[in-house]
Amino acid sequence: MKGRACLSLAIGLGVSVSAQAGGGYFVLGYGPEAAQSAGTSTAFGLDAFAGASNPAKLSAVDDRLDLGLMAFMPHRRAEREDSLDPSYDFSTTSKNQFFLLPEVGYAARINEALSWGMTLYGNGGLNTDYRGETGVPGNNAAPVQCGNQPGNFFLGCGQLGIDLSQLILATTLSWQYAPGYSVGIAPLLAYQRFKAYGLQAFQGLSGHPDAVTNNGYEGALGAGVRVGWYGQLLPWLNVGAAYSTRIYMQNFESYRGLLAGNGSFDIPENYSVGLSLTPIEKWTLGFDFQRINFGHIRALGNGVLNSLVDPQANPLGSNTGSGFNWRSQTNYRFALAYDVLPSLTLRAGLAYGRRPQRDSSANSVSFNLLAPNPVRNVTAGFTWAFTKTNDLQFAYGRYLKGTYGGPSATALGGNETVTPYVETLYFGWSHHY
């Protein structure tokens with residue numbers, strides 16, 4: 001039962017992590033033009049969200065305010081079948097399938113060489129609320145806490161869920177040190193909050209059993225920095241590069257018995273390079289290469305077997321406790337823009353990123369059952385200047401459907417699968433000063 005509960009905990013850790021194509025739990029892109037272009041933004045797109053992608057781009061942006069709202073509509077259904085005990089074979093679908101994610105960007109010139117701006121954006125923003133249960137009284141793995149209640153999908157009782165959301169403020173300064181060339185810096189101030197419930201089955205495997213589940217929301221603050229470079233190498237070719245340090249966050253004391261690293265959940269460092277080229281008039285192509293070092297964060301990179309093999313030496317929540325078994329991730333993004341009219345630009349994009357889960361073996365499948373990552377995302381949208389100083393922004397995105405699964409690593413045996421897909425709608429307004 002302990003091994004089963006430990007694996008269930010590992011699964012549970014993934015409940016709230018955003019299913020993002022080419023981005024792990026990072027949002028695909030920030031700002032209206034990135035939303036239309038599958039996140040392509042290191043050298044492509046010139047809205048006020050440079051602080052979230054490449055601070056140096058701010059030197060090429062006019063004075064403007066961008067307001068955006070994304071409707072994020074995920075569908076996540078997990079299923080277990082062919083287990084040794086058929087009572088544990090059932091499926092459950094998240095009840096939360098609609099989220100609103102607002103964002104704000106502002107940019108202004110100080111003089112001919114300096115520009116500044118502010119960007120407010122987020123990662124995560126999802127919570128998952130699974131209410132399915134086995135229907136069999138007493139088959140939970142936490143009789144002290146749950147009594148004779150039926151088990152939920154992770155063998156606790158009652159509603160099951162974890163909520164992780166992150167909000168980041170980037171105050172940006174960009175210096176154009178030569179015509180067409182600039183560098184930028186954006187200190188990053190972050191706030192994140194987290195809660196978990198329905199994970200009673202794991203408390204006995206933790207060094208801090210009272211800091212595992214059902215403790216409500218807890219917030220944490222943190223800081224880091226992003227730097228960037230942007231240059232017009234040729235009249236038809238722009239190049240950009242950006243690097244964000246790890247954002248060091250306060251620990252979640254109320255969940256130090258759940259998250260590896262004694263409740264630590266830092267935001268990983270990441271970097272990107274990109275191109276923007278205009279081969280013919282009215283057409284612009286964009287490309288991004290991005291690397292996110294998820295594997296450097298204990299709660300993400302530690303293997304699920306750490307606590308399964310030796311929970312006494314590696315208790316849940318410790319530095320060596322079970323994590324997501326994620327590797328660092330490489331993402332590729334492509335974009336196309338066409339100026340139909342001086343007042344209308346159409347954009348489309350494609351993102352591809354191999355799942356951060358290290359493999360599809362039993363070690364990874366059970367652990368990441370409810371942290372699925374679609375591999376491909378497509379977007380399309382437009383910018384319409386309906387007056388000289390105001391633009392309407394719109395984008396539609398689709399995280400393409402795909403099933404991820406394999407043999408269960410729990411004592412239940414059998415197979416586990418999850419089939420996620422996501423649709424997004426982005427609405428924005430931009431004002432030029």
# chains A, B, ... in the order shown; residues from 1 in each chain; ligands from 1
>>> residues_around(residues="region 227-240 of chain A", least_positions_apart="6", cutoff="10 Å", atoms="only C-alpha atoms", output="VMD selection string")
chain A and resid 41 to 44 50 to 51 53 to 60 172 to 176 178 to 187 271 to 281 284 to 288
>>> closest_atom_pairs(of="region 256-316 of chain A", to="region 219-222 of chain A", cutoff="10 Å", atoms="only C-alpha atoms", output="Markdown table")
| residue | atom | partner | partner_atom | distance |
| --- | --- | --- | --- | --- |
| A:Ser264 | CA | A:Ala220 | CA | 9.8 |
| A:Phe265 | CA | A:Ala220 | CA | 9.3 |
| A:Asp266 | CA | A:Gly222 | CA | 8.1 |
| A:Ile267 | CA | A:Gly222 | CA | 8.9 |
>>> closest_residue(among="A:Tyr426, A:Tyr255, A:Phe294, A:Tyr421", to="Gln393 (chain A)", atoms="only C-alpha atoms")
A:Tyr426
>>> select_by_dssp(residues="region 74-206 of chain A", states="helix (DSSP H, G or I)", output="number ranges by chain")
A: 86-88, 143-146, 200-205
>>> write_last_selection(atoms="all heavy atoms", output="mmCIF file, in the first residue's frame")
data_model
loop_
_atom_site.group_PDB
_atom_site.id
_atom_site.type_symbol
_atom_site.label_atom_id
_atom_site.label_comp_id
_atom_site.auth_asym_id
_atom_site.auth_seq_id
_atom_site.Cartn_x
_atom_site.Cartn_y
_atom_site.Cartn_z
ATOM 1 N N PRO A 86 -10.199 -4.958 -10.333
ATOM 2 C CA PRO A 86 -11.042 -4.202 -11.268
ATOM 3 C C PRO A 86 -11.753 -3.006 -10.644
ATOM 4 O O PRO A 86 -12.178 -2.105 -11.365
ATOM 5 C CB PRO A 86 -12.060 -5.251 -11.745
ATOM 6 C CG PRO A 86 -11.381 -6.558 -11.537
ATOM 7 C CD PRO A 86 -10.547 -6.389 -10.297
ATOM 8 N N SER A 87 -11.862 -2.976 -9.315
ATOM 9 C CA SER A 87 -12.557 -1.840 -8.704
ATOM 10 C C SER A 87 -11.796 -0.537 -8.901
ATOM 11 O O SER A 87 -12.373 0.553 -8.763
ATOM 12 C CB SER A 87 -12.769 -2.089 -7.210
ATOM 13 O OG SER A 87 -11.542 -2.063 -6.496
ATOM 14 N N TYR A 88 -10.502 -0.610 -9.226
ATOM 15 C CA TYR A 88 -9.704 0.591 -9.452
ATOM 16 C C TYR A 88 -9.671 1.005 -10.917
ATOM 17 O O TYR A 88 -8.995 1.971 -11.267
ATOM 18 C CB TYR A 88 -8.280 0.384 -8.934
ATOM 19 C CG TYR A 88 -8.205 0.214 -7.437
ATOM 20 C CD1 TYR A 88 -8.031 -1.042 -6.871
ATOM 21 C CD2 TYR A 88 -8.321 1.308 -6.595
ATOM 22 C CE1 TYR A 88 -7.971 -1.205 -5.488
ATOM 23 C CE2 TYR A 88 -8.262 1.167 -5.220
ATOM 24 C CZ TYR A 88 -8.091 -0.100 -4.667
ATOM 25 O OH TYR A 88 -8.047 -0.239 -3.311
ATOM 26 N N PRO A 143 -7.198 5.037 5.605
ATOM 27 C CA PRO A 143 -8.385 4.801 6.453
ATOM 28 C C PRO A 143 -8.457 5.712 7.667
ATOM 29 O O PRO A 143 -9.554 6.025 8.134
ATOM 30 C CB PRO A 143 -8.232 3.330 6.851
ATOM 31 C CG PRO A 143 -6.783 3.015 6.663
ATOM 32 C CD PRO A 143 -6.339 3.853 5.506
ATOM 33 N N VAL A 144 -7.314 6.147 8.201
ATOM 34 C CA VAL A 144 -7.357 7.040 9.365
ATOM 35 C C VAL A 144 -8.004 8.366 8.994
ATOM 36 O O VAL A 144 -8.841 8.899 9.728
ATOM 37 C CB VAL A 144 -5.933 7.267 9.919
ATOM 38 C CG1 VAL A 144 -5.949 8.313 11.022
ATOM 39 C CG2 VAL A 144 -5.350 5.955 10.416
ATOM 40 N N GLN A 145 -7.629 8.914 7.843
ATOM 41 C CA GLN A 145 -8.161 10.203 7.420
ATOM 42 C C GLN A 145 -9.501 10.073 6.693
ATOM 43 O O GLN A 145 -10.337 10.970 6.755
ATOM 44 C CB GLN A 145 -7.175 10.921 6.497
ATOM 45 C CG GLN A 145 -5.848 11.280 7.125
ATOM 46 C CD GLN A 145 -4.812 10.169 6.974
ATOM 47 O OE1 GLN A 145 -5.139 9.024 6.651
ATOM 48 N NE2 GLN A 145 -3.555 10.522 7.225
ATOM 49 N N CYS A 146 -9.705 8.958 5.991
ATOM 50 C CA CYS A 146 -10.855 8.836 5.090
ATOM 51 C C CYS A 146 -11.940 7.894 5.582
ATOM 52 O O CYS A 146 -13.024 7.849 4.992
ATOM 53 C CB CYS A 146 -10.380 8.367 3.709
ATOM 54 S SG CYS A 146 -9.249 9.510 2.887
ATOM 55 N N GLN A 200 -4.687 12.425 0.811
ATOM 56 C CA GLN A 200 -4.489 11.864 2.153
ATOM 57 C C GLN A 200 -3.652 10.582 2.134
ATOM 58 O O GLN A 200 -2.967 10.268 3.118
ATOM 59 C CB GLN A 200 -5.849 11.564 2.793
ATOM 60 C CG GLN A 200 -6.737 12.777 2.989
ATOM 61 C CD GLN A 200 -7.641 13.064 1.800
ATOM 62 O OE1 GLN A 200 -7.452 12.536 0.705
ATOM 63 N NE2 GLN A 200 -8.638 13.914 2.014
ATOM 64 N N ALA A 201 -3.675 9.848 1.038
ATOM 65 C CA ALA A 201 -2.977 8.559 0.984
ATOM 66 C C ALA A 201 -1.466 8.694 1.086
ATOM 67 O O ALA A 201 -0.771 7.699 1.311
ATOM 68 C CB ALA A 201 -3.342 7.825 -0.308
ATOM 69 N N PHE A 202 -0.937 9.901 0.951
ATOM 70 C CA PHE A 202 0.516 10.081 0.886
ATOM 71 C C PHE A 202 1.129 10.591 2.175
ATOM 72 O O PHE A 202 2.338 10.704 2.289
ATOM 73 C CB PHE A 202 0.867 11.067 -0.234
ATOM 74 C CG PHE A 202 -0.044 10.982 -1.406
ATOM 75 C CD1 PHE A 202 -0.589 12.132 -1.943
ATOM 76 C CD2 PHE A 202 -0.373 9.759 -1.971
ATOM 77 C CE1 PHE A 202 -1.445 12.061 -3.018
ATOM 78 C CE2 PHE A 202 -1.227 9.688 -3.045
ATOM 79 C CZ PHE A 202 -1.773 10.834 -3.576
ATOM 80 N N GLN A 203 0.291 10.922 3.123
ATOM 81 C CA GLN A 203 0.806 11.568 4.327
ATOM 82 C C GLN A 203 1.763 10.670 5.107
ATOM 83 O O GLN A 203 2.749 11.149 5.666
ATOM 84 C CB GLN A 203 -0.364 11.999 5.220
ATOM 85 C CG GLN A 203 -1.163 13.135 4.611
ATOM 86 C CD GLN A 203 -2.340 13.555 5.468
ATOM 87 O OE1 GLN A 203 -3.448 13.081 5.300
ATOM 88 N NE2 GLN A 203 -2.095 14.453 6.409
ATOM 89 N N GLY A 204 1.521 9.369 5.106
ATOM 90 C CA GLY A 204 2.386 8.463 5.845
ATOM 91 C C GLY A 204 3.752 8.263 5.243
ATOM 92 O O GLY A 204 4.651 7.710 5.882
ATOM 93 N N LEU A 205 3.957 8.715 4.023
ATOM 94 C CA LEU A 205 5.243 8.555 3.345
ATOM 95 C C LEU A 205 6.089 9.822 3.421
ATOM 96 O O LEU A 205 7.156 9.878 2.833
ATOM 97 C CB LEU A 205 5.023 8.176 1.881
ATOM 98 C CG LEU A 205 4.299 6.844 1.640
ATOM 99 C CD1 LEU A 205 4.043 6.646 0.170
ATOM 100 C CD2 LEU A 205 5.092 5.694 2.214
#
>>> residues_around(residues="Gly138 (chain A)", least_positions_apart="6", cutoff="9 Å", atoms="only C-alpha atoms", output="number ranges by chain")
A: 146-151
>>> write_last_selection(atoms="C-alpha atoms", output="mmCIF file, in the first residue's frame")
data_model
loop_
_atom_site.group_PDB
_atom_site.id
_atom_site.type_symbol
_atom_site.label_atom_id
_atom_site.label_comp_id
_atom_site.auth_asym_id
_atom_site.auth_seq_id
_atom_site.Cartn_x
_atom_site.Cartn_y
_atom_site.Cartn_z
ATOM 1 C CA CYS A 146 -10.855 8.836 5.090
ATOM 2 C CA GLY A 147 -12.659 6.173 7.094
ATOM 3 C CA ASN A 148 -14.911 4.043 4.902
ATOM 4 C CA GLN A 149 -15.122 6.478 1.977
ATOM 5 C CA PRO A 150 -14.481 5.239 -1.579
ATOM 6 C CA GLY A 151 -11.054 6.064 -2.966
#
>>> select_by_dssp(residues="region 371-412 of chain A", states="strand (DSSP E)", output="ChimeraX atom specification")
/A:376-385,390-399,404-407
>>> write_last_selection(atoms="N, CA and C atoms", output="tab-separated table (two decimals), in the first residue's frame")
chain	number	residue	atom	x	y	z
A	376	ARG	N	2.18	19.41	-30.02
A	376	ARG	CA	2.06	20.42	-31.09
A	376	ARG	C	0.94	21.40	-30.79
A	377	ASN	N	1.19	22.63	-31.18
A	377	ASN	CA	0.18	23.68	-31.04
A	377	ASN	C	0.15	24.50	-32.31
A	378	VAL	N	-1.05	24.88	-32.75
A	378	VAL	CA	-1.20	25.76	-33.91
A	378	VAL	C	-2.03	26.97	-33.49
A	379	THR	N	-1.72	28.11	-34.06
A	379	THR	CA	-2.45	29.34	-33.77
A	379	THR	C	-2.69	30.11	-35.05
A	380	ALA	N	-3.68	30.99	-35.02
A	380	ALA	CA	-3.95	31.91	-36.11
A	380	ALA	C	-4.67	33.11	-35.52
A	381	GLY	N	-4.41	34.29	-36.10
A	381	GLY	CA	-5.06	35.48	-35.59
A	381	GLY	C	-4.78	36.70	-36.44
A	382	PHE	N	-5.18	37.86	-35.93
A	382	PHE	CA	-4.99	39.09	-36.71
A	382	PHE	C	-4.85	40.29	-35.79
A	383	THR	N	-4.24	41.34	-36.35
A	383	THR	CA	-4.22	42.68	-35.76
A	383	THR	C	-4.93	43.61	-36.72
A	384	TRP	N	-5.97	44.29	-36.25
A	384	TRP	CA	-6.74	45.21	-37.09
A	384	TRP	C	-6.69	46.60	-36.47
A	385	ALA	N	-6.07	47.54	-37.20
A	385	ALA	CA	-6.00	48.93	-36.74
A	385	ALA	C	-7.30	49.62	-37.15
A	390	ASN	N	-5.61	52.84	-32.34
A	390	ASN	CA	-6.17	51.70	-31.63
A	390	ASN	C	-6.22	50.45	-32.52
A	391	ASP	N	-5.80	49.33	-31.95
A	391	ASP	CA	-5.80	48.05	-32.65
A	391	ASP	C	-6.68	47.05	-31.90
A	392	LEU	N	-7.34	46.21	-32.66
A	392	LEU	CA	-8.04	45.06	-32.11
A	392	LEU	C	-7.20	43.82	-32.39
A	393	GLN	N	-7.00	43.01	-31.36
A	393	GLN	CA	-6.18	41.81	-31.47
A	393	GLN	C	-7.05	40.57	-31.23
A	394	PHE	N	-6.79	39.52	-32.00
A	394	PHE	CA	-7.54	38.26	-31.81
A	394	PHE	C	-6.65	37.09	-32.21
A	395	ALA	N	-6.79	35.99	-31.48
A	395	ALA	CA	-6.06	34.77	-31.83
A	395	ALA	C	-6.86	33.55	-31.38
A	396	TYR	N	-6.75	32.50	-32.17
A	396	TYR	CA	-7.29	31.19	-31.80
A	396	TYR	C	-6.14	30.20	-31.75
A	397	GLY	N	-6.12	29.38	-30.71
A	397	GLY	CA	-5.08	28.36	-30.59
A	397	GLY	C	-5.67	27.00	-30.32
A	398	ARG	N	-4.96	25.99	-30.78
A	398	ARG	CA	-5.39	24.60	-30.56
A	398	ARG	C	-4.18	23.77	-30.18
A	399	TYR	N	-4.22	23.18	-28.98
A	399	TYR	CA	-3.22	22.21	-28.56
A	399	TYR	C	-3.70	20.86	-29.06
A	404	TYR	N	-1.34	10.01	-24.16
A	404	TYR	CA	-0.07	9.65	-23.52
A	404	TYR	C	-0.37	8.60	-22.47
A	405	GLY	N	0.39	7.50	-22.47
A	405	GLY	CA	0.12	6.47	-21.47
A	405	GLY	C	1.09	5.31	-21.58
A	406	GLY	N	0.85	4.33	-20.74
A	406	GLY	CA	1.69	3.15	-20.70
A	406	GLY	C	1.41	2.33	-19.46
A	407	PRO	N	2.28	1.40	-19.12
A	407	PRO	CA	2.05	0.53	-17.97
A	407	PRO	C	2.11	1.29	-16.65
>>> atom_distance(atom1="CA of Lys195 (chain A)", atom2="CA of Gly323 (chain A)")
16.6 Å
>>> residues_around(residues="Glu81 (chain A)", least_positions_apart="3", cutoff="9 Å", atoms="only C-alpha atoms", output="ChimeraX atom specification")
/A:86,88-91,413-417
>>> residues_around(residues="Ala190 (chain A)", least_positions_apart="3", cutoff="8 Å", atoms="only C-alpha atoms", output="list in words")
Gln166, Leu167, Ile168, Leu169, Leu221, Gly222, Ala223, Ile247 and Met249 of chain A
>>> write_last_selection(atoms="C-alpha atoms", output="tab-separated table (two decimals), in the first residue's frame")
chain	number	residue	atom	x	y	z
A	166	GLN	CA	2.42	32.16	-11.20
A	167	LEU	CA	2.34	35.91	-11.83
A	168	ILE	CA	5.45	37.79	-12.99
A	169	LEU	CA	6.13	41.53	-13.24
A	221	LEU	CA	7.44	35.56	-3.55
A	222	GLY	CA	10.58	35.39	-5.66
A	223	ALA	CA	12.94	37.28	-7.96
A	247	ILE	CA	13.58	32.77	-10.32
A	249	MET	CA	11.00	31.49	-4.79
>>> atom_distance(atom1="CA of Tyr130 (chain A)", atom2="CA of Ile162 (chain A)")
9.7 Å
